[in-house]
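File shown: model.cif (mmCIF, C-alpha atoms and all ligand atoms).
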data_work
loop_
_atom_site.label_atom_id
_atom_site.label_comp_id
_atom_site.auth_asym_id
_atom_site.auth_seq_id
_atom_site.Cartn_x
_atom_site.Cartn_y
_atom_site.Cartn_z
CA MET A 1 -166.00 -93.75 4.63
CA ARG A 2 -168.91 -91.36 4.08
CA ALA A 3 -172.15 -93.27 3.67
CA GLY A 4 -173.78 -90.81 1.22
CA ASN A 5 -176.89 -92.47 -0.17
CA ALA A 6 -175.67 -95.98 0.58
CA SER A 7 -177.64 -97.97 3.07
CA LEU A 8 -176.68 -97.15 6.67
CA HIS A 9 -176.24 -100.12 8.95
CA TRP A 10 -177.87 -99.87 12.37
CA PRO A 11 -176.89 -102.61 14.84
CA LEU A 12 -180.33 -102.98 16.40
CA ALA A 13 -179.45 -106.24 18.16
CA GLN A 14 -176.56 -104.49 19.90
CA LEU A 15 -178.68 -101.48 20.81
CA GLN A 16 -181.70 -103.35 22.18
CA PRO A 17 -180.08 -104.48 25.48
CA SER A 18 -179.31 -100.89 26.51
CA VAL A 19 -182.90 -99.86 25.69
CA ALA A 20 -184.20 -102.50 28.11
CA VAL A 21 -183.23 -100.22 31.03
CA LEU A 22 -186.32 -98.18 30.08
CA GLY A 23 -188.65 -101.13 30.71
CA GLY A 24 -189.89 -104.34 29.15
CA ASP A 25 -191.89 -102.70 26.36
CA ALA A 26 -189.06 -100.35 25.30
CA HIS A 27 -187.87 -100.55 21.74
CA VAL A 28 -185.48 -98.95 19.30
CA GLU A 29 -186.64 -97.99 15.83
CA VAL A 30 -184.84 -96.49 12.83
CA LEU A 31 -186.70 -94.54 10.14
CA PRO A 32 -185.11 -93.58 6.80
CA GLU A 33 -186.88 -90.21 6.91
CA ILE A 34 -189.30 -88.26 9.10
CA ASP A 35 -190.01 -84.59 9.64
CA SER A 36 -188.61 -84.66 13.19
CA THR A 37 -188.07 -87.52 15.63
CA ASN A 38 -189.32 -85.26 18.44
CA SER A 39 -192.49 -84.40 16.52
CA GLU A 40 -193.12 -88.06 15.70
CA LEU A 41 -192.83 -89.25 19.31
CA MET A 42 -195.05 -86.37 20.48
CA ARG A 43 -197.68 -87.34 17.89
CA ARG A 44 -197.52 -90.97 18.97
CA ALA A 45 -197.91 -90.03 22.64
CA ARG A 46 -200.90 -87.80 21.87
CA SER A 47 -202.52 -90.71 20.06
CA GLY A 48 -201.93 -93.03 23.02
CA ASP A 49 -198.61 -94.73 22.32
CA THR A 50 -196.53 -93.88 25.37
CA ARG A 51 -194.19 -96.87 25.21
CA PRO A 52 -190.54 -96.06 25.88
CA CYS A 53 -188.86 -95.67 22.51
CA VAL A 54 -185.54 -94.65 21.02
CA LEU A 55 -186.46 -93.28 17.59
CA VAL A 56 -183.62 -92.66 15.15
CA ALA A 57 -184.01 -90.89 11.80
CA GLU A 58 -181.45 -91.17 9.04
CA TYR A 59 -182.81 -87.88 7.71
CA GLN A 60 -185.11 -85.26 9.21
CA SER A 61 -186.90 -83.01 6.74
CA ALA A 62 -187.97 -80.54 9.43
CA GLY A 63 -185.62 -81.06 12.36
CA ARG A 64 -186.26 -78.59 15.16
CA GLY A 65 -183.92 -76.82 17.57
CA ARG A 66 -184.68 -74.72 20.62
CA GLN A 67 -186.29 -71.29 20.43
CA GLY A 68 -187.94 -71.99 17.07
CA ARG A 69 -184.71 -72.69 15.23
CA SER A 70 -184.23 -75.45 12.65
CA TRP A 71 -181.87 -78.36 13.06
CA LEU A 72 -180.27 -79.09 9.70
CA GLY A 73 -178.44 -82.33 9.07
CA GLU A 74 -177.79 -84.33 5.90
CA ARG A 75 -178.11 -88.10 5.84
CA ALA A 76 -175.02 -89.76 7.35
CA ASP A 77 -173.68 -86.40 8.49
CA ALA A 78 -175.61 -86.30 11.76
CA LEU A 79 -176.96 -88.64 14.39
CA THR A 80 -180.52 -87.52 15.05
CA PHE A 81 -182.66 -89.37 17.55
CA SER A 82 -185.16 -88.93 20.33
CA VAL A 83 -185.78 -90.88 23.50
CA GLY A 84 -189.44 -90.93 24.52
CA LEU A 85 -190.65 -92.24 27.88
CA MET A 86 -192.96 -91.55 30.79
CA LEU A 87 -190.88 -89.65 33.34
CA ALA A 88 -191.69 -88.53 36.87
CA PRO A 89 -188.56 -86.95 38.42
CA PRO A 90 -188.72 -85.22 41.82
CA ASP A 91 -187.74 -81.98 40.06
CA TRP A 92 -187.49 -81.37 36.33
CA SER A 93 -184.83 -78.69 36.43
CA GLY A 94 -181.43 -79.62 35.02
CA LEU A 95 -182.60 -82.47 32.77
CA SER A 96 -180.91 -81.06 29.65
CA LEU A 97 -177.69 -80.56 31.64
CA ALA A 98 -177.76 -84.15 32.90
CA VAL A 99 -178.28 -85.36 29.32
CA GLY A 100 -175.33 -83.23 28.18
CA VAL A 101 -173.09 -84.69 30.90
CA CYS A 102 -173.96 -88.27 29.88
CA VAL A 103 -173.29 -87.61 26.19
CA ALA A 104 -170.09 -85.59 26.66
CA GLU A 105 -168.60 -88.16 29.04
CA GLU A 106 -169.03 -90.86 26.40
CA LEU A 107 -167.80 -88.79 23.45
CA ASP A 108 -164.69 -87.49 25.20
CA PRO A 109 -164.05 -89.75 28.21
CA GLN A 110 -160.41 -88.69 28.62
CA ARG A 111 -161.24 -85.01 27.98
CA ASN A 112 -158.76 -84.97 25.08
CA PHE A 113 -160.85 -83.31 22.41
CA GLY A 114 -161.78 -79.97 23.88
CA LEU A 115 -165.49 -80.72 24.27
CA GLY A 116 -167.53 -78.68 26.73
CA LEU A 117 -171.13 -78.09 27.82
CA LYS A 118 -172.75 -74.78 27.11
CA TRP A 119 -175.70 -74.21 29.45
CA PRO A 120 -178.44 -75.22 29.00
CA ASN A 121 -178.38 -77.71 26.13
CA ASP A 122 -175.36 -77.60 23.83
CA ILE A 123 -172.13 -79.48 23.42
CA TRP A 124 -169.42 -77.23 22.07
CA MET A 125 -165.83 -77.76 21.13
CA GLY A 126 -163.05 -75.18 21.15
CA ALA A 127 -164.63 -72.91 23.77
CA PRO A 128 -164.04 -70.26 24.90
CA THR A 129 -161.65 -69.02 22.20
CA ALA A 130 -163.10 -70.67 19.07
CA PRO A 131 -166.43 -72.25 20.05
CA ARG A 132 -168.23 -74.44 17.54
CA LYS A 133 -171.42 -76.36 18.16
CA LEU A 134 -171.22 -80.14 18.04
CA ALA A 135 -174.57 -81.19 19.47
CA GLY A 136 -177.83 -79.89 20.88
CA THR A 137 -180.74 -81.21 22.90
CA LEU A 138 -184.44 -80.36 22.58
CA ILE A 139 -186.66 -81.61 25.42
CA GLU A 140 -190.44 -81.51 25.11
CA THR A 141 -193.23 -83.06 27.17
CA VAL A 142 -196.79 -84.18 26.58
CA TRP A 143 -199.46 -84.40 29.26
CA VAL A 144 -201.06 -87.77 28.85
CA GLN A 145 -204.70 -87.89 29.86
CA GLY A 146 -205.38 -90.09 32.84
CA ASP A 147 -201.81 -90.13 34.10
CA ASN A 148 -200.87 -88.74 37.46
CA ALA A 149 -199.89 -85.08 37.44
CA ALA A 150 -196.22 -85.73 38.24
CA SER A 151 -195.66 -87.96 35.25
CA ARG A 152 -195.33 -86.73 31.67
CA TYR A 153 -194.38 -88.35 28.39
CA THR A 154 -190.99 -86.79 27.81
CA VAL A 155 -189.19 -86.56 24.50
CA ILE A 156 -185.45 -85.95 24.68
CA GLY A 157 -184.21 -85.16 21.18
CA ILE A 158 -180.51 -85.10 20.46
CA GLY A 159 -178.67 -84.07 17.33
CA ILE A 160 -174.93 -84.72 17.05
CA ASN A 161 -173.00 -83.53 14.01
CA VAL A 162 -170.84 -86.37 12.74
CA HIS A 163 -169.65 -84.07 9.96
CA PRO A 164 -170.34 -80.32 10.01
CA PRO A 165 -173.56 -79.42 8.17
CA HIS A 166 -173.27 -77.35 4.99
CA SER A 167 -175.49 -74.73 6.53
CA SER A 168 -176.68 -74.06 10.02
CA ASP A 169 -179.49 -72.12 11.68
CA LEU A 170 -178.00 -72.49 15.13
CA GLY A 171 -176.43 -69.09 15.63
CA ILE A 172 -172.90 -70.46 15.97
CA PRO A 173 -170.58 -72.24 13.54
CA ALA A 174 -170.93 -76.01 13.60
CA ALA A 175 -168.31 -78.67 14.26
CA GLY A 176 -168.26 -82.36 13.34
CA LEU A 177 -167.33 -85.20 15.68
CA SER A 178 -165.27 -87.05 13.03
CA GLN A 179 -162.91 -84.10 12.56
CA CYS A 180 -162.83 -83.49 16.29
CA LEU A 181 -161.87 -87.10 17.12
CA GLY A 182 -159.70 -87.56 14.01
CA GLN A 183 -161.58 -90.65 12.80
CA ASP A 184 -164.33 -91.03 10.23
CA LEU A 185 -167.45 -92.11 12.05
CA LEU A 186 -170.93 -93.17 11.07
CA PRO A 187 -174.01 -92.07 13.01
CA ALA A 188 -174.52 -95.65 14.25
CA ASP A 189 -171.03 -95.67 15.83
CA VAL A 190 -171.95 -92.56 17.78
CA LEU A 191 -175.30 -94.00 18.88
CA LEU A 192 -173.67 -97.20 20.13
CA THR A 193 -171.21 -95.10 22.10
CA VAL A 194 -173.64 -92.75 23.81
CA LEU A 195 -176.89 -94.69 24.21
CA PRO A 196 -176.24 -97.00 27.21
CA SER A 197 -174.98 -94.28 29.51
CA LEU A 198 -177.55 -91.77 28.25
CA LEU A 199 -180.47 -94.07 29.05
CA SER A 200 -179.16 -95.07 32.46
CA GLY A 201 -178.45 -91.37 33.15
CA ILE A 202 -182.06 -90.48 32.32
CA LYS A 203 -183.26 -93.11 34.80
CA ARG A 204 -180.81 -91.76 37.42
CA PHE A 205 -182.17 -88.25 36.83
CA GLU A 206 -185.70 -89.58 37.29
CA ALA A 207 -184.73 -91.07 40.66
CA GLN A 208 -182.48 -88.31 42.00
CA GLY A 209 -182.85 -85.17 39.88
CA PHE A 210 -179.87 -83.07 38.78
CA ALA A 211 -177.88 -83.20 42.07
CA PRO A 212 -175.77 -86.28 41.17
CA PHE A 213 -174.75 -84.60 37.90
CA GLN A 214 -173.81 -81.20 39.34
CA ALA A 215 -170.12 -81.92 40.02
CA ALA A 216 -169.62 -83.55 36.63
CA PHE A 217 -171.35 -80.65 34.89
CA ALA A 218 -168.88 -78.26 36.54
CA GLN A 219 -166.02 -80.15 34.86
CA TRP A 220 -167.50 -79.53 31.43
CA ASP A 221 -168.99 -76.06 31.96
CA VAL A 222 -167.66 -73.70 29.26
CA LEU A 223 -169.40 -70.62 30.68
CA LYS A 224 -167.74 -70.78 34.09
CA GLY A 225 -165.31 -67.90 34.61
CA GLN A 226 -166.32 -66.28 31.31
CA THR A 227 -167.87 -62.88 30.75
CA LEU A 228 -171.43 -63.54 29.61
CA ARG A 229 -174.09 -61.43 28.00
CA LEU A 230 -177.79 -62.19 28.52
CA SER A 231 -180.32 -61.52 25.78
CA ASP A 232 -182.00 -58.99 28.11
CA GLY A 233 -178.80 -56.89 28.08
CA ARG A 234 -177.30 -57.83 31.45
CA GLU A 235 -173.64 -58.83 31.62
CA GLY A 236 -171.63 -60.70 34.21
CA MET A 237 -169.28 -63.53 35.04
CA GLY A 238 -170.44 -67.16 34.79
CA CYS A 239 -170.24 -68.87 38.21
CA GLY A 240 -171.47 -72.37 37.44
CA VAL A 241 -174.87 -73.88 38.20
CA ASP A 242 -176.66 -74.68 41.46
CA LYS A 243 -178.00 -78.08 42.47
CA GLY A 244 -181.08 -77.51 40.32
CA GLY A 245 -179.01 -76.68 37.24
CA VAL A 246 -179.83 -72.97 37.48
CA LEU A 247 -177.06 -70.81 35.95
CA GLN A 248 -175.40 -68.36 38.35
CA ILE A 249 -174.00 -65.09 37.02
CA ASP A 250 -172.23 -62.40 39.01
CA THR A 251 -173.28 -59.00 37.66
CA PRO A 252 -172.46 -55.49 38.92
CA ALA A 253 -175.94 -55.52 40.52
CA GLY A 254 -175.29 -58.81 42.35
CA ARG A 255 -175.71 -62.49 41.63
CA VAL A 256 -178.37 -63.40 39.08
CA ALA A 257 -179.91 -66.87 38.74
CA VAL A 258 -180.93 -67.74 35.18
CA SER A 259 -183.32 -70.62 34.68
CA SER A 260 -185.60 -69.23 32.03
CA ASP A 261 -185.54 -70.55 28.51
CA GLU A 262 -186.58 -67.08 27.40
CA VAL A 263 -183.22 -65.57 28.33
CA SER A 264 -180.36 -66.73 26.14
CA VAL A 265 -176.76 -66.54 27.29
CA ARG A 266 -173.75 -65.81 25.11
CA LEU A 267 -170.05 -65.43 25.61
CA ALA A 268 -169.53 -61.67 25.57
CA ALA A 269 -166.34 -62.05 23.51
CA GLY A 270 -167.43 -65.08 21.50
CA VAL A 271 -168.84 -65.63 18.06
CA THR A 272 -172.45 -66.10 19.18
C1 LIG B 1 -180.74 -77.11 19.59
O1 LIG B 1 -179.53 -77.11 19.45
O2 LIG B 1 -181.40 -76.06 19.58
C2 LIG B 1 -181.44 -78.43 19.77
C3 LIG B 1 -181.25 -79.30 18.57
C4 LIG B 1 -181.98 -80.63 18.75
C5 LIG B 1 -181.98 -81.43 17.48
C6 LIG B 1 -182.53 -82.81 17.69
S1 LIG B 1 -182.26 -83.85 16.28
C7 LIG B 1 -183.33 -85.06 16.96
C8 LIG B 1 -184.50 -84.34 17.56
N1 LIG B 1 -185.51 -84.05 16.57
C9 LIG B 1 -185.65 -82.75 16.33
O3 LIG B 1 -186.44 -82.25 15.52
N2 LIG B 1 -184.81 -82.06 17.13
C10 LIG B 1 -184.02 -82.91 17.96
#

Let me see the structure of the file written as structure tokens.
Amino acid sequence: MRAGNASLHWPLAQLQPSVAVLGGDAHVEVLPEIDSTNSELMRRARSGDTRPCVLVAEYQSAGRGRQGRSWLGERADALTFSVGLMLAPPDWSGLSLAVGVCVAEELDPQRNFGLGLKWPNDIWMGAPTAPRKLAGTLIETVWVQGDNAASRYTVIGIGINVHPPHSSDLGIPAAGLSQCLGQDLLPADVLLTVLPSLLSGIKRFEAQGFAPFQAAFAQWDVLKGQTLRLSDGREGMGCGVDKGGVLQIDTPAGRVAVSSDEVSVRLAAGVT
């Protein structure tokens, strides 16, 4: 059943116990509409509210993706939410990869549906031959005055297409989880599925960094063994990621480590 404009049901009582892993003052909140759940949690943090929060929006009027792109999703067609919390990991690198591992493992636990992780922040299906984007992550941080330098309010925004959007500004065709899994889902079903392991994964990342996620990431890595093209023109073969989540590419000039957000990576033969 597509929810359309009907009221969406959010099982807050079922969600609250998993949010408690973030601390006693953590809460989950659902808004019918906001510009962007990331923007809202960043605004709240800047005005002093740094409580751990899972903020869900039924509709975002100005959802944001990485590299200045928009995230477009109609009501009931996408799960859009952000997790905001103070975070102080030993090393920040690989956070988006760890988040991707946690979400993918819950969406496709038996690895039946052809889901994969595209470094650094996407969940794809159908890669490498017919890749379509299912989900993306946008991580932003706010320095909070008075806090120690290692700790930042961190906003981890996730958008998961439950049905493919009518249009997309994501540079790759979009997929929907309902079609992929062969069952008609609501955004709340997807949130219930992914939230517990996502939140405990974020806490594990805070304690141990990316290292405990490296082997799992390798299982989902759609760029490994593929010919890749970097936005700066270099080409080479994807060789996985190191223990900090840094992408390794073998090029004719030797191995290149890609960690910069300013360099985008595409499948040389793909649609992107
Ligand atoms: C990307 O693919 O470039 C990242 C997309 C991230 C979208 C999510 S939806 C919830 C949160 N709020 C936003 O404005 N963006 C993220």

Inset, instruction - Would you list the residues near (-168.1, -80.6, 8.8) (no more than 6 Å away, in the coordinates of the file, using all atoms listed in the file) as a ChimeraX atom specification? - result: /A:163-165,175-176

With all atoms listed in the file counted and 6 Å as the cut-off, give the residues of chain A in contact with ligand LIG 1 (chain B), each with its shortest interatomic distance in Å and the pair that gives it, as a Markdown table.
| residue | atom | partner | partner_atom | distance |
| --- | --- | --- | --- | --- |
| A:Ser36 | CA | B:LIG1 | O3 | 4.0 |
| A:Thr37 | CA | B:LIG1 | N1 | 4.4 |
| A:Asn38 | CA | B:LIG1 | N1 | 4.4 |
| A:Gly63 | CA | B:LIG1 | O3 | 3.5 |
| A:Arg64 | CA | B:LIG1 | O3 | 3.7 |
| A:Gly65 | CA | B:LIG1 | O2 | 3.3 |
| A:Arg66 | CA | B:LIG1 | O2 | 3.7 |
| A:Trp71 | CA | B:LIG1 | C5 | 5.4 |
| A:Thr80 | CA | B:LIG1 | C7 | 4.2 |
| A:Phe81 | CA | B:LIG1 | C7 | 4.4 |
| A:Ser82 | CA | B:LIG1 | C8 | 5.4 |
| A:Gly136 | CA | B:LIG1 | O1 | 3.6 |
| A:Thr137 | CA | B:LIG1 | C2 | 4.2 |
| A:Leu138 | CA | B:LIG1 | C2 | 4.5 |
| A:Gly157 | CA | B:LIG1 | C8 | 3.7 |
| A:Ile158 | CA | B:LIG1 | C6 | 4.1 |
| A:Gly159 | CA | B:LIG1 | S1 | 3.7 |

Legend entry - Given only C-alpha atoms as the counted atoms, nearest of A:Ala45, A:Leu198, A:Leu177, A:Val142 to A:Leu22: A:Leu198

Legend entry - Nearest candidate to A:Gln14 (options A:Glu105, A:Lys133, A:Val28, A:Leu267; using only C-alpha atoms): A:Val28

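Counting from atom CA of A:Ala188, the distance to atom CA of A:Ile156 is 18.0 Å.
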
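Proximity to A:Thr129 was assessed for A:Leu195, A:Gly114, A:Met42, A:Trp10 counting all atoms listed in the file; the smallest distance is recorded for A:Gly114.
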
Return as a Markdown table the residues of stretch 77-144 of chain A lying at most 9 Å from stretch 207-214 of chain A, together with the closest atom-to-atom pair for each and the distance in Å to one decimal, counting all atoms listed in the file, with rows in chain order and ascending residue number.
| residue | atom | partner | partner_atom | distance |
| --- | --- | --- | --- | --- |
| A:Ala88 | CA | A:Ala207 | CA | 8.3 |
| A:Pro89 | CA | A:Ala207 | CA | 6.1 |
| A:Pro90 | CA | A:Gly209 | CA | 6.2 |
| A:Asp91 | CA | A:Gly209 | CA | 5.8 |
| A:Trp92 | CA | A:Gly209 | CA | 7.0 |
| A:Ser93 | CA | A:Phe210 | CA | 7.0 |
| A:Gly94 | CA | A:Phe210 | CA | 5.3 |
| A:Leu95 | CA | A:Phe210 | CA | 6.6 |
| A:Leu97 | CA | A:Phe210 | CA | 7.9 |
| A:Ala98 | CA | A:Phe213 | CA | 5.9 |
| A:Val101 | CA | A:Phe213 | CA | 7.2 |
| A:Cys102 | CA | A:Phe213 | CA | 8.9 |

Would you give me, as CSV, each residue of stretch 75-152 of chain A having an atom within 7 Å of an atom of stretch 222-244 of chain A, along with its shortest atom pair and that distance in Å to one decimal, using only C-alpha atoms and sorting by chain and residue number?
residue,atom,partner,partner_atom,distance
A:Ser93,CA,A:Gly244,CA,5.5
A:Gly94,CA,A:Gly244,CA,5.7
A:Gly116,CA,A:Val222,CA,5.6
A:Leu117,CA,A:Val222,CA,5.8
A:Lys118,CA,A:Val222,CA,5.6
A:Ala127,CA,A:Val222,CA,6.3
A:Pro128,CA,A:Val222,CA,6.6

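Between A:Val19 and the residues A:Ile249, A:Ala62, A:Ile160, A:Leu55, the shortest atom-to-atom distance, using only C-alpha atoms, involves A:Leu55.
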
Inset, instruction - Using only C-alpha atoms, find the one residue out of A:His9, A:Arg132, A:Arg69, A:Lys203 that sits nearest to A:Ala174. - result: A:Arg132

Legend entry - Residues within 10 Å of A:Gln16, only C-alpha atoms, excluding chain neighbours under 3 positions, as JSON, numbers by chain: {"A": [11, 12, 13, 19, 20, 21, 26, 27, 28, 29, 54, 196]}

Legend entry - Residues within 9 Å of A:Cys180, all atoms listed in the file, excluding chain neighbours under 6 positions, as an MDAnalysis selection string: chainID A and resid 113:115 125

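The coordinates place atom CA of A:Ala253 at 24.1 Å from atom CA of A:Ala218.
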
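Across A:Asn121, A:Gln110, A:Gln179, A:Ser151, the tightest approach to A:Gly245 is made by A:Asn121 when counting all atoms listed in the file.
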
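Residues with any atom within 9 Å of A:Val144, counting all atoms listed in the file and excluding same-chain neighbours fewer than 5 positions away, are Ala45, Arg46, Gly48, Thr50, Ser151, Arg152 and Tyr153 of chain A.
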
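Put simply, atom CA of A:Thr154 is 18.8 Å away from atom CA of A:Ser260.
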
Give as a PDB file with C-alpha atoms, in the frame of the given file the set of residues within 6 Å of the point (-187.5, -86.1, 8.9), where distances use the file's coordinates and all atoms listed in the file.
ATOM      1  CA  GLU A  33    -186.880 -90.210   6.910  1.00  0.00           C
ATOM      2  CA  ILE A  34    -189.300 -88.260   9.100  1.00  0.00           C
ATOM      3  CA  ASP A  35    -190.010 -84.590   9.640  1.00  0.00           C
ATOM      4  CA  SER A  36    -188.610 -84.660  13.190  1.00  0.00           C
ATOM      5  CA  TYR A  59    -182.810 -87.880   7.710  1.00  0.00           C
ATOM      6  CA  GLN A  60    -185.110 -85.260   9.210  1.00  0.00           C
ATOM      7  CA  SER A  61    -186.900 -83.010   6.740  1.00  0.00           C
ATOM      8  CA  ALA A  62    -187.970 -80.540   9.430  1.00  0.00           C
TER       9      ALA A  62
END

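Residues within 7 Å of A:Arg75, counting all atoms listed in the file and excluding same-chain residues fewer than 2 positions away, are A:Gly4, A:Glu58, A:Tyr59, A:Gly73, A:Asp77, A:Ala78.
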